[in-house]
$ cat my_file.txt   # compact mmCIF, C-alpha atoms
# COMPACT_ATOMS: atom_id res chain seq x y z
CA MET A 287 101.40 94.27 70.36
CA THR A 288 102.75 96.98 72.68
CA GLU A 289 106.49 96.77 73.15
CA SER A 290 107.81 96.77 76.70
CA ASP A 291 110.11 99.55 77.88
CA GLU A 292 113.03 97.17 77.82
CA GLN A 293 112.20 96.11 74.24
CA LEU A 294 112.13 99.78 73.22
CA VAL A 295 115.56 100.28 74.75
CA ALA A 296 116.83 97.22 72.86
CA ALA A 297 115.31 98.58 69.64
CA TRP A 298 117.09 101.90 70.19
CA ARG A 299 120.37 100.04 70.82
CA GLN A 300 120.03 98.22 67.51
CA SER A 301 118.86 101.06 65.32
CA GLY A 302 119.89 104.29 66.98
CA ASP A 303 116.50 105.55 65.85
CA ARG A 304 114.80 108.29 67.88
CA GLY A 305 111.42 106.57 67.58
CA PRO A 306 111.80 104.35 70.67
CA LEU A 307 112.94 107.37 72.70
CA GLU A 308 109.84 109.30 71.67
CA THR A 309 107.64 106.37 72.69
CA LEU A 310 109.37 106.10 76.07
CA ALA A 311 108.93 109.83 76.68
CA ALA A 312 105.26 109.79 75.71
CA ARG A 313 104.62 106.71 77.85
CA HIS A 314 106.22 107.98 81.07
CA VAL A 315 106.05 111.75 80.97
CA ALA A 316 102.80 111.98 82.95
CA THR A 317 104.02 109.78 85.81
CA VAL A 318 107.39 111.50 85.99
CA ARG A 319 105.70 114.90 85.99
CA ARG A 320 103.32 113.83 88.76
CA MET A 321 106.23 112.58 90.85
CA VAL A 322 108.35 115.67 90.29
CA HIS A 323 105.45 118.04 90.98
CA SER A 324 104.58 116.26 94.23
CA MET A 325 108.16 116.88 95.30
CA THR A 326 108.50 120.51 94.16
CA ILE A 327 104.88 121.83 94.34
CA ASP A 328 105.94 124.24 91.62
CA ASP A 329 104.43 124.04 88.13
CA THR A 330 107.11 125.95 86.23
CA LEU A 331 110.05 124.28 87.89
CA THR A 332 108.36 120.89 87.41
CA ASP A 333 108.19 121.08 83.62
CA ASP A 334 111.84 122.17 83.38
CA LEU A 335 112.90 119.31 85.65
CA VAL A 336 110.85 116.76 83.71
CA GLN A 337 112.67 117.74 80.54
CA GLU A 338 115.99 117.51 82.40
CA VAL A 339 115.06 114.02 83.68
CA PHE A 340 114.36 112.62 80.22
CA LEU A 341 117.44 114.17 78.66
CA LYS A 342 119.59 112.76 81.44
CA ALA A 343 117.95 109.36 81.00
CA PHE A 344 118.48 109.35 77.24
CA ARG A 345 122.11 110.45 77.65
CA ARG A 346 122.69 107.52 80.00
CA LEU A 347 120.54 105.00 78.15
CA GLY A 348 123.64 103.28 76.79
CA SER A 349 124.55 102.31 80.36
CA PHE A 350 121.08 100.92 81.19
CA GLU A 351 121.79 97.22 81.74
CA GLY A 352 118.30 95.99 82.47
CA ARG A 353 119.14 94.74 85.95
CA ALA A 354 116.27 96.86 87.27
CA ARG A 355 113.05 97.67 85.45
CA PHE A 356 113.30 100.67 83.13
CA THR A 357 110.75 102.56 85.22
CA THR A 358 112.73 101.99 88.45
CA TRP A 359 115.84 103.28 86.67
CA LEU A 360 113.96 106.28 85.24
CA TYR A 361 112.27 107.17 88.53
CA ARG A 362 115.63 107.02 90.28
CA ILE A 363 116.99 109.57 87.83
CA ALA A 364 113.85 111.66 88.41
CA MET A 365 114.16 111.63 92.20
CA ASN A 366 117.90 112.33 92.10
CA THR A 367 117.24 115.26 89.79
CA VAL A 368 114.60 116.58 92.19
CA HIS A 369 116.81 116.11 95.24
CA ASP A 370 119.58 118.04 93.47
CA ALA A 371 117.15 120.81 92.49
CA VAL A 372 115.68 121.02 95.98
CA ALA A 373 119.17 121.24 97.45
CA ARG A 374 119.96 124.08 95.02
CA ARG A 375 116.81 125.91 96.03
CA LEU A 376 117.12 125.46 99.77
CA ARG A 377 117.63 129.18 100.26
CA ALA A 378 114.42 129.91 98.35
CA PRO A 379 111.42 128.32 100.07
CA ILE A 380 109.22 126.14 97.91
CA ASP A 381 106.16 127.98 96.66
CA ALA A 382 103.31 125.80 97.84
CA ARG A 383 100.66 127.51 95.73
CA ALA A 384 98.88 125.22 93.31
CA SER A 385 97.73 127.45 90.47
CA LEU A 386 96.88 124.93 87.77
CA PRO A 387 94.46 122.82 89.81
CA LEU A 388 92.52 125.91 90.79
CA ASP A 389 91.84 126.65 87.12
CA ALA A 390 90.60 123.11 86.67
CA VAL A 391 88.29 123.21 89.66
CA ALA A 392 86.88 126.61 88.63
CA ARG A 393 85.16 125.03 85.66
CA ILE A 394 83.08 122.60 87.69
CA ASP A 395 82.60 123.93 91.22
CA PRO A 396 80.58 126.88 92.57
CA PRO A 397 82.65 129.77 94.01
CA ASP A 398 82.35 128.77 97.70
CA ALA A 399 83.43 125.22 96.98
CA LEU A 400 86.21 126.58 94.82
CA ALA A 401 87.58 128.75 97.60
CA GLU A 402 87.33 125.91 100.09
CA ARG A 403 89.03 123.49 97.72
CA ALA A 404 91.74 126.00 96.90
CA GLU A 405 92.43 126.51 100.58
CA PHE A 406 92.55 122.78 101.17
CA ASP A 407 94.87 122.14 98.22
CA GLY A 408 97.15 124.92 99.42
CA THR A 409 97.20 123.36 102.89
CA VAL A 410 98.14 119.94 101.51
CA GLY A 411 100.82 121.46 99.27
CA ARG A 412 102.33 123.41 102.15
CA ALA A 413 102.23 120.35 104.42
CA LEU A 414 104.09 118.31 101.79
CA ALA A 415 106.57 121.11 101.16
CA ARG A 416 107.40 121.31 104.86
CA LEU A 417 108.48 117.67 104.97
CA PRO A 418 112.21 117.02 104.66
CA PRO A 419 112.89 115.93 101.05
CA LYS A 420 113.68 112.32 101.95
CA PHE A 421 110.43 111.96 103.92
CA ARG A 422 108.55 113.64 101.07
CA ALA A 423 110.10 111.21 98.58
CA ALA A 424 108.95 108.21 100.62
CA ILE A 425 105.37 109.44 100.88
CA VAL A 426 105.25 110.44 97.20
CA LEU A 427 106.57 107.10 95.96
CA VAL A 428 104.60 104.78 98.25
CA ALA A 429 101.43 106.65 99.23
CA ILE A 430 100.77 108.78 96.16
CA GLU A 431 102.35 106.73 93.36
CA GLU A 432 101.51 103.46 95.16
CA LEU A 433 104.87 101.86 94.35
CA ASP A 434 106.03 98.80 96.23
CA PRO A 435 108.25 99.93 99.15
CA ALA A 436 111.01 97.67 97.79
CA ASP A 437 110.94 99.62 94.51
CA ALA A 438 110.84 102.90 96.42
CA ALA A 439 113.95 101.75 98.30
CA ARG A 440 115.73 100.98 95.01
CA ILE A 441 114.77 104.40 93.64
CA GLU A 442 115.93 106.22 96.75
CA GLY A 443 119.03 104.06 97.11
CA CYS A 444 118.27 103.00 100.67
CA THR A 445 116.94 99.96 102.50
CA ARG A 446 113.27 99.04 102.67
CA ALA A 447 113.37 99.56 106.44
CA THR A 448 114.52 103.13 105.82
CA ILE A 449 111.58 103.70 103.48
CA TYR A 450 109.19 102.43 106.21
CA TRP A 451 110.80 104.68 108.77
CA ARG A 452 110.58 107.77 106.55
CA LEU A 453 107.05 106.86 105.51
CA HIS A 454 105.97 106.45 109.10
CA GLU A 455 107.40 109.81 110.10
CA ALA A 456 106.01 111.57 107.02
CA ARG A 457 102.51 110.22 107.66
CA LYS A 458 102.70 111.26 111.29
CA ARG A 459 103.71 114.82 110.41
CA LEU A 460 101.11 115.09 107.64
CA ALA A 461 98.39 113.76 109.92
CA ALA A 462 99.24 116.51 112.41
CA SER A 463 99.26 119.20 109.69
CA LEU A 464 96.05 118.02 108.04
CA ARG A 465 94.17 116.98 111.17
CA GLU A 466 91.17 119.21 110.39
CA HIS A 467 90.87 117.87 106.85
CA ILE A 468 91.15 114.14 107.43
CA ALA A 469 88.05 112.21 108.40
CA PRO A 470 88.61 110.17 111.61
CA MET B 25 101.67 97.84 98.22
CA THR B 26 103.01 94.51 99.29
CA HIS B 27 103.16 93.44 102.89
CA ASP B 28 106.09 91.38 104.08
CA ASP B 29 107.87 90.69 107.31
CA HIS B 30 109.38 94.15 107.42
CA ASP B 31 106.19 96.05 106.64
CA PRO B 32 104.73 97.67 109.73
CA GLY B 33 101.44 97.91 107.84
CA THR B 34 99.16 100.90 107.51
CA SER B 35 96.75 101.98 110.20
CA ARG B 36 93.37 103.61 109.58
CA ALA B 37 94.95 107.00 110.26
CA ASP B 38 97.69 106.26 107.72
CA ALA B 39 95.06 105.26 105.16
CA GLY B 40 93.28 108.58 105.76
CA VAL B 41 96.48 110.52 105.08
CA ASP B 42 97.18 108.48 101.94
CA ALA B 43 93.64 108.95 100.60
CA THR B 44 93.82 112.70 101.22
CA LEU B 45 97.10 112.91 99.33
CA ARG B 46 95.80 110.91 96.40
CA ASP B 47 92.68 113.14 96.16
CA TRP B 48 94.94 116.19 96.17
CA ARG B 49 97.15 114.60 93.52
CA ARG B 50 94.19 113.89 91.21
CA ARG B 51 93.15 117.55 91.33
CA GLN B 52 96.71 118.68 90.60
CA ASP B 53 96.76 116.55 87.45
CA ALA B 54 93.37 117.67 86.13
CA ALA B 55 94.69 120.61 84.13
CA VAL B 56 98.03 119.20 83.11
CA ASP B 57 98.59 118.73 79.38
CA ALA B 58 100.86 115.68 79.38
CA ASP B 59 100.86 115.50 75.57
CA ALA B 60 102.25 119.02 75.32
CA LEU B 61 104.94 118.22 77.85
CA ALA B 62 105.83 115.00 76.02
CA ALA B 63 106.12 117.01 72.79
CA ARG B 64 108.41 119.49 74.57
CA VAL B 65 110.62 116.66 75.82
CA VAL B 66 110.75 115.02 72.40
CA ALA B 67 111.53 118.34 70.72
CA ALA B 68 114.47 118.77 73.07
CA ILE B 69 116.06 115.49 72.03
CA PRO B 70 117.60 116.53 68.67
CA SER B 71 118.87 119.81 70.03
CA ASP B 72 120.71 117.95 72.76
CA THR B 73 123.69 116.57 70.90
CA ALA B 74 124.99 114.77 74.00
CA VAL B 75 122.27 112.12 73.82
CA ALA B 76 124.24 108.91 73.68
CA ALA B 77 124.42 106.93 70.48
CA PRO B 78 123.87 103.18 70.88
CA PRO B 79 127.15 101.49 71.77
CA VAL B 80 128.61 99.56 68.84
CA GLU B 81 131.23 96.91 69.57
CA ARG B 82 133.58 95.38 67.04
CA PRO B 83 134.14 91.59 67.49
CA SER B 84 137.88 91.95 68.16
CA GLN B 85 137.17 94.73 70.61
CA ARG B 86 134.64 92.47 72.36
CA ARG B 87 137.16 89.61 72.76
CA TRP B 88 139.73 92.02 74.15
CA LEU B 89 137.13 93.42 76.54
CA GLU B 90 136.20 89.92 77.73
CA ARG B 91 139.83 88.95 78.38
CA THR B 92 140.45 92.23 80.17
CA ALA B 93 137.28 91.80 82.22
CA TRP B 94 138.32 88.29 83.38
CA PHE B 95 141.79 89.50 84.27
CA ALA B 96 140.38 92.50 86.14
CA THR B 97 137.89 90.26 87.94
CA GLY B 98 140.71 88.01 89.13
CA ILE B 99 142.73 90.94 90.42
CA ALA B 100 139.67 92.44 92.08
CA ALA B 101 138.81 89.16 93.80
CA ALA B 102 142.35 88.87 95.19
CA VAL B 103 142.26 92.44 96.45
CA LEU B 104 138.81 91.91 97.95
CA VAL B 105 139.93 88.80 99.86
CA SER B 106 142.93 90.63 101.27
CA LEU B 107 140.78 93.62 102.21
CA VAL B 108 138.22 91.44 103.96
CA LEU B 109 141.00 89.74 105.93
CA ARG B 110 142.42 93.11 106.99
CA SER B 111 139.25 95.16 107.02
CA PRO B 112 138.14 97.15 110.05
CA THR B 113 134.58 96.20 109.11
CA ARG B 114 135.21 92.62 110.22
CA GLU B 115 133.36 91.84 113.44
CA ASP B 116 136.14 91.29 115.97
CA ARG B 117 133.66 90.63 118.72
CA ALA B 118 136.36 89.37 121.06
CA ASP B 119 137.97 92.82 120.92
CA TRP B 120 134.83 94.69 121.95
CA PRO B 121 134.74 95.93 125.55
CA PRO B 122 132.13 94.43 127.88
CA SER B 123 130.21 97.72 127.85
CA ALA B 124 129.19 97.01 124.24
CA ARG B 125 126.41 94.80 125.60
CA PHE B 126 123.91 95.14 128.44
CA ALA B 127 125.15 93.60 131.68
CA PRO B 128 122.84 91.33 133.70
CA GLY B 129 120.42 93.46 135.69
CA GLN B 130 120.81 96.56 133.52
CA ILE B 131 117.60 95.94 131.61
CA ALA B 132 115.66 95.80 134.88
CA GLY B 133 117.32 99.08 135.82
CA LYS B 134 116.17 100.64 132.55
CA ALA B 135 112.64 99.40 133.13
CA ALA B 136 112.68 100.99 136.58
CA LEU B 137 113.86 104.29 135.08
CA VAL B 138 111.00 104.23 132.59
CA ALA B 139 108.53 103.45 135.33
CA GLY B 140 109.68 106.49 137.28
CA LEU B 141 109.41 108.74 134.23
CA GLU B 142 105.98 107.35 133.36
CA ASP B 143 104.83 108.33 136.82
CA THR B 144 105.66 111.89 135.80
CA PHE B 145 104.77 111.97 132.12
CA GLY B 146 102.14 109.23 131.85
CA ALA B 147 101.41 107.53 128.54
CA GLY B 148 102.84 110.49 126.64
CA LEU B 149 106.36 109.22 127.32
CA ALA B 150 107.64 108.08 123.93
CA TRP B 151 111.34 107.40 124.52
CA VAL B 152 114.20 107.92 126.93
CA ALA B 153 117.82 108.46 125.90
CA GLU B 154 120.79 108.46 128.26
CA HIS B 155 124.09 109.83 127.00
CA ASP B 156 126.60 112.63 127.58
CA ARG B 157 125.68 112.50 131.30
CA ARG B 158 122.15 113.59 130.48
CA VAL B 159 118.75 111.93 130.33
CA ALA B 160 116.55 113.16 127.49
CA VAL B 161 112.90 112.20 127.13
CA GLY B 162 110.65 112.32 124.09
CA LEU B 163 107.00 113.10 124.69
CA VAL B 164 103.99 112.76 122.41
CA ALA B 165 100.85 114.85 122.83
CA ASP B 166 98.51 112.05 121.76
CA ALA B 167 99.59 108.70 123.09
CA PRO B 168 98.59 105.97 120.61
CA PRO B 169 96.07 103.38 121.85
CA SER B 170 98.61 100.59 121.36
CA ARG B 171 102.09 101.51 122.50
CA GLY B 172 103.89 98.50 121.03
CA VAL B 173 106.89 96.60 122.32
CA ALA B 174 109.41 98.48 124.48
CA LEU B 175 113.04 98.04 123.43
CA ALA B 176 116.34 98.93 125.06
CA VAL B 177 118.99 99.94 122.53
CA ARG B 178 122.66 100.41 123.43
CA ILE B 179 124.82 102.25 120.92
CA VAL B 180 128.55 102.33 121.58
CA VAL B 181 131.14 104.09 119.43
CA LEU B 182 134.55 102.42 119.63
CA ALA B 183 137.73 103.97 118.26
CA ARG B 184 141.40 103.06 117.93
CA ARG B 185 144.45 104.21 116.04
CA ALA B 186 145.06 102.25 112.85
CA GLY B 187 147.14 99.23 113.71
CA ASP B 188 146.20 99.21 117.41
CA SER B 189 144.48 96.10 118.67
CA VAL B 190 142.52 97.68 121.51
CA TRP B 191 139.20 99.41 120.92
CA THR B 192 138.32 102.24 123.30
CA PRO B 193 134.71 103.30 123.93
CA VAL B 194 134.42 107.00 123.09
CA TRP B 195 130.66 107.53 123.23
CA GLN B 196 127.67 105.56 124.44
CA SER B 197 123.92 105.99 124.45
CA ASP B 198 121.23 103.85 126.05
CA VAL B 199 117.81 104.41 124.52
CA ILE B 200 114.49 102.97 125.57
CA THR B 201 111.98 103.27 122.82
CA ARG B 202 108.96 101.50 121.38
CA ASP B 203 107.95 99.86 118.15
CA GLU B 204 108.03 102.42 115.30
CA GLN B 205 108.73 105.37 117.55
CA VAL B 206 111.15 107.88 116.03
CA VAL B 207 113.82 108.95 118.50
CA ASP B 208 115.43 112.28 117.61
CA VAL B 209 117.82 113.67 120.19
CA ALA B 210 120.89 115.90 120.43
CA ALA B 211 124.10 113.93 120.89
CA GLY B 212 127.80 114.36 121.44
CA PRO B 213 129.86 117.21 122.88
CA GLY B 214 127.78 120.35 123.36
CA GLY B 215 124.74 118.60 121.92
CA ALA B 216 126.01 119.59 118.48
CA GLY B 217 125.36 116.18 116.96
CA ARG B 218 122.23 114.12 116.52
CA LEU B 219 120.97 110.60 117.13
CA ARG B 220 117.90 109.39 115.26
CA LEU B 221 116.58 105.90 115.74
CA TRP B 222 113.60 103.86 114.55
CA THR B 223 112.92 100.29 115.64
CA HIS B 224 110.47 97.64 114.55
CA PRO B 225 110.31 94.08 115.94
CA LEU B 226 109.70 91.45 113.25
CA PRO B 227 107.51 88.35 113.56
CA ASP B 228 110.53 86.03 113.70
CA GLY B 229 111.87 87.82 116.77
CA ALA B 230 114.54 89.84 114.97
CA ILE B 231 114.45 93.62 115.19
CA ALA B 232 114.76 96.10 112.31
CA VAL B 233 116.65 99.23 113.29
CA ASP B 234 117.33 102.39 111.31
CA GLY B 235 119.79 104.84 112.74
CA GLU B 236 121.52 108.09 111.98
CA LEU B 237 124.33 109.27 114.22
CA SER B 238 126.41 112.39 113.93
CA LEU B 239 128.97 113.35 116.56
CA VAL B 240 130.32 116.48 114.94
CA ALA B 241 132.49 117.90 117.70
CA ALA B 242 133.79 114.55 118.87
CA ASN B 243 137.18 112.95 118.33
CA PRO B 244 136.87 111.11 116.06
CA SER B 245 133.93 112.85 114.42
CA VAL B 246 131.27 110.36 113.41
CA ALA B 247 128.67 110.64 110.68
CA ALA B 248 126.77 107.47 109.90
CA SER B 249 123.45 106.34 108.56
CA TYR B 250 122.64 102.67 108.82
CA SER B 251 119.79 100.21 108.76
CA GLY B 252 119.52 96.49 109.26
CA VAL B 253 118.01 93.59 111.11
CA GLN B 254 119.60 92.07 114.21
CA ARG B 255 118.90 89.39 116.80
CA PRO B 256 117.86 90.55 120.27
CA GLY B 257 120.64 90.77 122.82
CA GLU B 258 123.45 90.23 120.32
CA PRO B 259 125.81 93.18 119.82
CA ARG B 260 126.27 93.98 116.15
CA ARG B 261 128.67 96.23 114.31
CA VAL B 262 126.35 98.47 112.31
CA THR B 263 128.80 100.83 110.68
CA GLY B 264 132.34 102.13 110.86
CA GLU B 265 135.11 103.93 109.05
CA ARG B 266 138.88 104.25 108.88
CA LYS B 267 140.05 107.78 108.19
CA ASP B 268 143.19 109.81 108.85
CA GLY B 269 144.78 107.00 110.83
CA ILE B 270 141.79 106.52 113.14
CA GLU B 271 139.28 103.70 112.98
CA TRP B 272 135.84 103.91 114.54
CA GLN B 273 132.88 101.58 114.60
CA VAL B 274 129.37 101.65 116.00
CA ILE B 275 128.24 98.61 117.99
CA GLN B 276 124.54 98.29 118.65
CA THR B 277 122.57 95.95 120.91
CA VAL B 278 118.78 95.73 121.09
CA VAL B 279 116.82 93.95 123.81
CA PRO B 280 113.01 93.81 124.13
CA ILE B 281 111.88 94.79 127.61
CA GLY B 282 108.17 94.51 127.02
CA ALA B 283 107.79 91.95 129.78
CA ALA B 284 109.22 94.23 132.45
CA PRO B 285 106.47 95.32 134.89
CA ALA B 286 107.37 99.01 134.74
CA VAL B 287 106.91 99.19 130.97
CA ARG B 288 103.49 97.53 131.03
CA LYS B 289 102.20 100.46 133.02
CA GLU B 290 100.26 102.69 130.64
CA VAL B 291 98.95 105.63 132.69
CA SER B 292 100.18 107.02 135.94
$ encode --input "my_file.txt" --output "C-alpha cells"
Amino acid sequence: MTESDEQLVAAWRQSGDRGPLETLAARHVATVRRMVHSMTIDDTLTDDLVQEVFLKAFRRLGSFEGRARFTTWLYRIAMNTVHDAVARRLRAPIDARASLPLDAVARIDPPDALAERAEFDGTVGRALARLPPKFRAAIVLVAIEELDPADAARIEGCTRATIYWRLHEARKRLAASLREHIAP
Amino acid sequence: MTHDDHDPGTSRADAGVDATLRDWRRRQDAAVDADALAARVVAAIPSDTAVAAPPVERPSQRRWLERTAWFATGIAAAVLVSLVLRSPTREDRADWPPSARFAPGQIAGKAALVAGLEDTFGAGLAWVAEHDRRVAVGLVADAPPSRGVALAVRIVVLARRAGDSVWTPVWQSDVITRDEQVVDVAAGPGGAGRLRLWTHPLPDGAIAVDGELSLVAANPSVAASYSGVQRPGEPRRVTGERKDGIEWQVIQTVVPIGAAPAVRKEVS
C-alpha cells in the first residue's frame, strides 16, 4: 500500500532515515518543477530553485505539524522561494524563451508547425512573465495546476477573495495578450 | 475547482484562457526529465548538513515543556484580553464621524454623476473615483455584455494621536464600481499613492471587497491591504495601525446602487 505524504513524514520522524525524504522528493518533484517553471519561465533557474525548495522543506520538516496537507505546506515553500527569487531578479527581466519545449516539438511536428508553435509558446510565456508575480501565482495555482482556490489562498497566505481578484485580473490581462490565439 | 458562495465562477472567455495555458504547460513538460531532477534533489540531501534531524524529546523534557506551555498560554490569554480591551482595532463605531457612512440622498447623487459620465463615455465606463478634489474614471475598451451590479464604496481614513478619543477624517474616497471590476487609481497627496479595489456581491446579499491603499506622502502615511465580507450600508473597520504615537484606521461602507435609474442605462 502506498504511504501518504504525512505517513512518510511520520516515518522520517521515527527513524531519521533518508528513505522517506527520497520518496517525497520523487513523488512531488515534477509538480513543484511545473509550478516553479510557470512562475519563472526559465529552465536553468527553475531546476536550481526546485532543489532549493526541497532542501528548505527538508530542513524545516521537523516543524511540519500536519495542520495543513503536506502538499499545501510544500507548495507554499515553493511559491515563497519563487517570490523571493523573482524579487531578487527584478532588475533582470525574465527570459520568456522556452527552449526545452521546442526540442520536444521538433521531433513530431513539421517545420512550419514547429515555427508556429514556437512563436505561440513564446507569446504565452511572455504574457505570463508580464503579469505581476502575485497575479501569476494565482493563475498558475488555480488555472494551470487546478488547485482549489482555498488551497491557493493558503499557499499564497491571503484570503480566497484575494485569489479570485488576482485570478480575475490575470485572466483579463492574459485574454488581452493572447486574443489572437484564443478561440472565441 | 470548487464553487462556493465567494466564487465568481469562470466565464467562457476565462475557460479559453485556462485551456490555452494548460496546453502550453503540457508542451513545456514534454521534454523535462523529472527523474533526473529528483535524483539531483536527492543527491543534494546528504551534502546539506543542515537538514533537520527528527526531534527527539525526553519524557522529563516533555513534562517540563507541557507545564511551560500551559503557563505561557495563561499569560498570553491575559495579555490578549487586555490588548483587545485597549486595542485600536476595536470597532468604536460611536466615535466615527458621520462622514464615515453615506448620508441620505448621497447615493442618488452618485447615480446621477454616473449617468452624466455614461452620457459621455457610454458602456465603456468601468468605474468612477472621487478623492483629493478630483474625479477619476476608469474606461474599458470592450464593455462586457453583462455589466453586473453597481456599487458605491466609501473609504475613509481616520487618524488620532494615541490616547485621544476623537478620530479625525484625513482622507476619503467615494468609488462607484461594478461587480468584479478592478479599480486602480492614483490616491493621496500628489497622486503618489494608490487605491485598488475589487468588489463582488454574494448571493446572501453581503459584499466581498478586496482593497489595497497606499497614501505615501500623507500624514499619517498609510499602507494597507485588506479583504473581507461586509453587509451593505454598514460601515466597517477594515484595517488600521498604531505607529509612532499615531493611530489610523480605514472605515469602508458599500452600498449597491443597481436599482438607480442612471446606472441601468447601458449605452448613451
$ residues_around --input "my_file.txt" --residues "Leu237 in chain B" --least-positions-apart "6" --cutoff "7 Å" --atoms "only C-alpha atoms" --output "compact mmCIF listing (two decimals) with C-alpha atoms, in the frame of the given file"
# COMPACT_ATOMS: atom_id res chain seq x y z
CA ARG B 218 122.23 114.12 116.52
CA LEU B 219 120.97 110.60 117.13
CA ARG B 220 117.90 109.39 115.26
CA ALA B 247 128.67 110.64 110.68
CA ALA B 248 126.77 107.47 109.90
CA SER B 249 123.45 106.34 108.56
$ atom_distance --input "my_file.txt" --atom1 "CA of Leu226 in chain B" --atom2 "CA of Ala438 in chain A"
20.4 Å
$ residues_near_point --input "my_file.txt" --point "(125.0, 98.8, 109.6)" --cutoff "10 Å" --atoms "only C-alpha atoms" --output "compact mmCIF listing (two decimals) with C-alpha atoms, in the frame of the given file"
# COMPACT_ATOMS: atom_id res chain seq x y z
CA THR B 113 134.58 96.20 109.11
CA VAL B 233 116.65 99.23 113.29
CA ASP B 234 117.33 102.39 111.31
CA GLY B 235 119.79 104.84 112.74
CA ALA B 248 126.77 107.47 109.90
CA SER B 249 123.45 106.34 108.56
CA TYR B 250 122.64 102.67 108.82
CA SER B 251 119.79 100.21 108.76
CA GLY B 252 119.52 96.49 109.26
CA VAL B 253 118.01 93.59 111.11
CA GLN B 254 119.60 92.07 114.21
CA ARG B 260 126.27 93.98 116.15
CA ARG B 261 128.67 96.23 114.31
CA VAL B 262 126.35 98.47 112.31
CA THR B 263 128.80 100.83 110.68
CA GLY B 264 132.34 102.13 110.86
CA GLN B 273 132.88 101.58 114.60
CA VAL B 274 129.37 101.65 116.00
CA ILE B 275 128.24 98.61 117.99
CA GLN B 276 124.54 98.29 118.65
$ closest_residue --input "my_file.txt" --among "A:Trp359, A:Trp298, A:Phe350, A:Phe421" --to "chain B" --atoms "all atoms listed in the file"
A:Trp298
$ residues_around --input "my_file.txt" --residues "Arg64 in chain B" --least-positions-apart "6" --cutoff "12 Å" --atoms "all atoms listed in the file" --output "PyMOL selection string"
(chain A and resi 308+311-312+315+333-338+340-341) or (chain B and resi 57-58+70-71)
$ residues_around --input "my_file.txt" --residues "Ala297 in chain A" --least-positions-apart "5" --cutoff "12 Å" --atoms "only C-alpha atoms" --output "ChimeraX atom specification"
/A:289-292,302-307,309-310,347-348 /B:78
$ atom_distance --input "my_file.txt" --atom1 "CA of Ala423 in chain A" --atom2 "CA of Arg255 in chain B"
29.8 Å
$ residues_near_point --input "my_file.txt" --point "(103.5, 114.2, 96.5)" --cutoff "6 Å" --atoms "only C-alpha atoms" --output "MDAnalysis selection string"
chainID A and resid 324:325 426
$ atom_distance --input "my_file.txt" --atom1 "CA of Asp203 in chain B" --atom2 "CA of Pro122 in chain B"
26.6 Å
$ closest_residue --input "my_file.txt" --among "B:Ala242, B:Val207, B:Ala160, B:Leu45" --to "chain A" --atoms "all atoms listed in the file"
B:Leu45
$ residues_around --input "my_file.txt" --residues "Val246 in chain B" --least-positions-apart "4" --cutoff "12 Å" --atoms "only C-alpha atoms" --output "tab-separated table (two decimals) with C-alpha atoms, in the coordinates of the input"
chain	number	residue	atom	x	y	z
B	180	VAL	CA	128.55	102.33	121.58
B	181	VAL	CA	131.14	104.09	119.43
B	182	LEU	CA	134.55	102.42	119.63
B	183	ALA	CA	137.73	103.97	118.26
B	194	VAL	CA	134.42	107.00	123.09
B	195	TRP	CA	130.66	107.53	123.23
B	211	ALA	CA	124.10	113.93	120.89
B	212	GLY	CA	127.80	114.36	121.44
B	213	PRO	CA	129.86	117.21	122.88
B	216	ALA	CA	126.01	119.59	118.48
B	217	GLY	CA	125.36	116.18	116.96
B	218	ARG	CA	122.23	114.12	116.52
B	219	LEU	CA	120.97	110.60	117.13
B	236	GLU	CA	121.52	108.09	111.98
B	237	LEU	CA	124.33	109.27	114.22
B	238	SER	CA	126.41	112.39	113.93
B	239	LEU	CA	128.97	113.35	116.56
B	240	VAL	CA	130.32	116.48	114.94
B	241	ALA	CA	132.49	117.90	117.70
B	242	ALA	CA	133.79	114.55	118.87
B	263	THR	CA	128.80	100.83	110.68
B	264	GLY	CA	132.34	102.13	110.86
B	265	GLU	CA	135.11	103.93	109.05
B	266	ARG	CA	138.88	104.25	108.88
B	267	LYS	CA	140.05	107.78	108.19
B	270	ILE	CA	141.79	106.52	113.14
B	271	GLU	CA	139.28	103.70	112.98
B	272	TRP	CA	135.84	103.91	114.54
B	273	GLN	CA	132.88	101.58	114.60
B	274	VAL	CA	129.37	101.65	116.00
$ closest_residue --input "my_file.txt" --among "A:Arg346, A:His314, A:Thr358, A:Leu417" --to "Ala436 in chain A" --atoms "all atoms listed in the file"
A:Thr358
$ closest_residue --input "my_file.txt" --among "B:Arg185, B:Arg158, B:Arg46, B:Lys134" --to "chain A" --atoms "all atoms listed in the file"
B:Arg46
$ closest_residue --input "my_file.txt" --among "B:Ala118, B:Val56, B:Ala230, B:Ala150" --to "Gly172 in chain B" --atoms "all atoms listed in the file"
B:Ala150
$ closest_residue --input "my_file.txt" --among "A:Gln300, A:Thr326, A:Thr367, A:Gln293" --to "chain B" --atoms "all atoms listed in the file"
A:Gln300
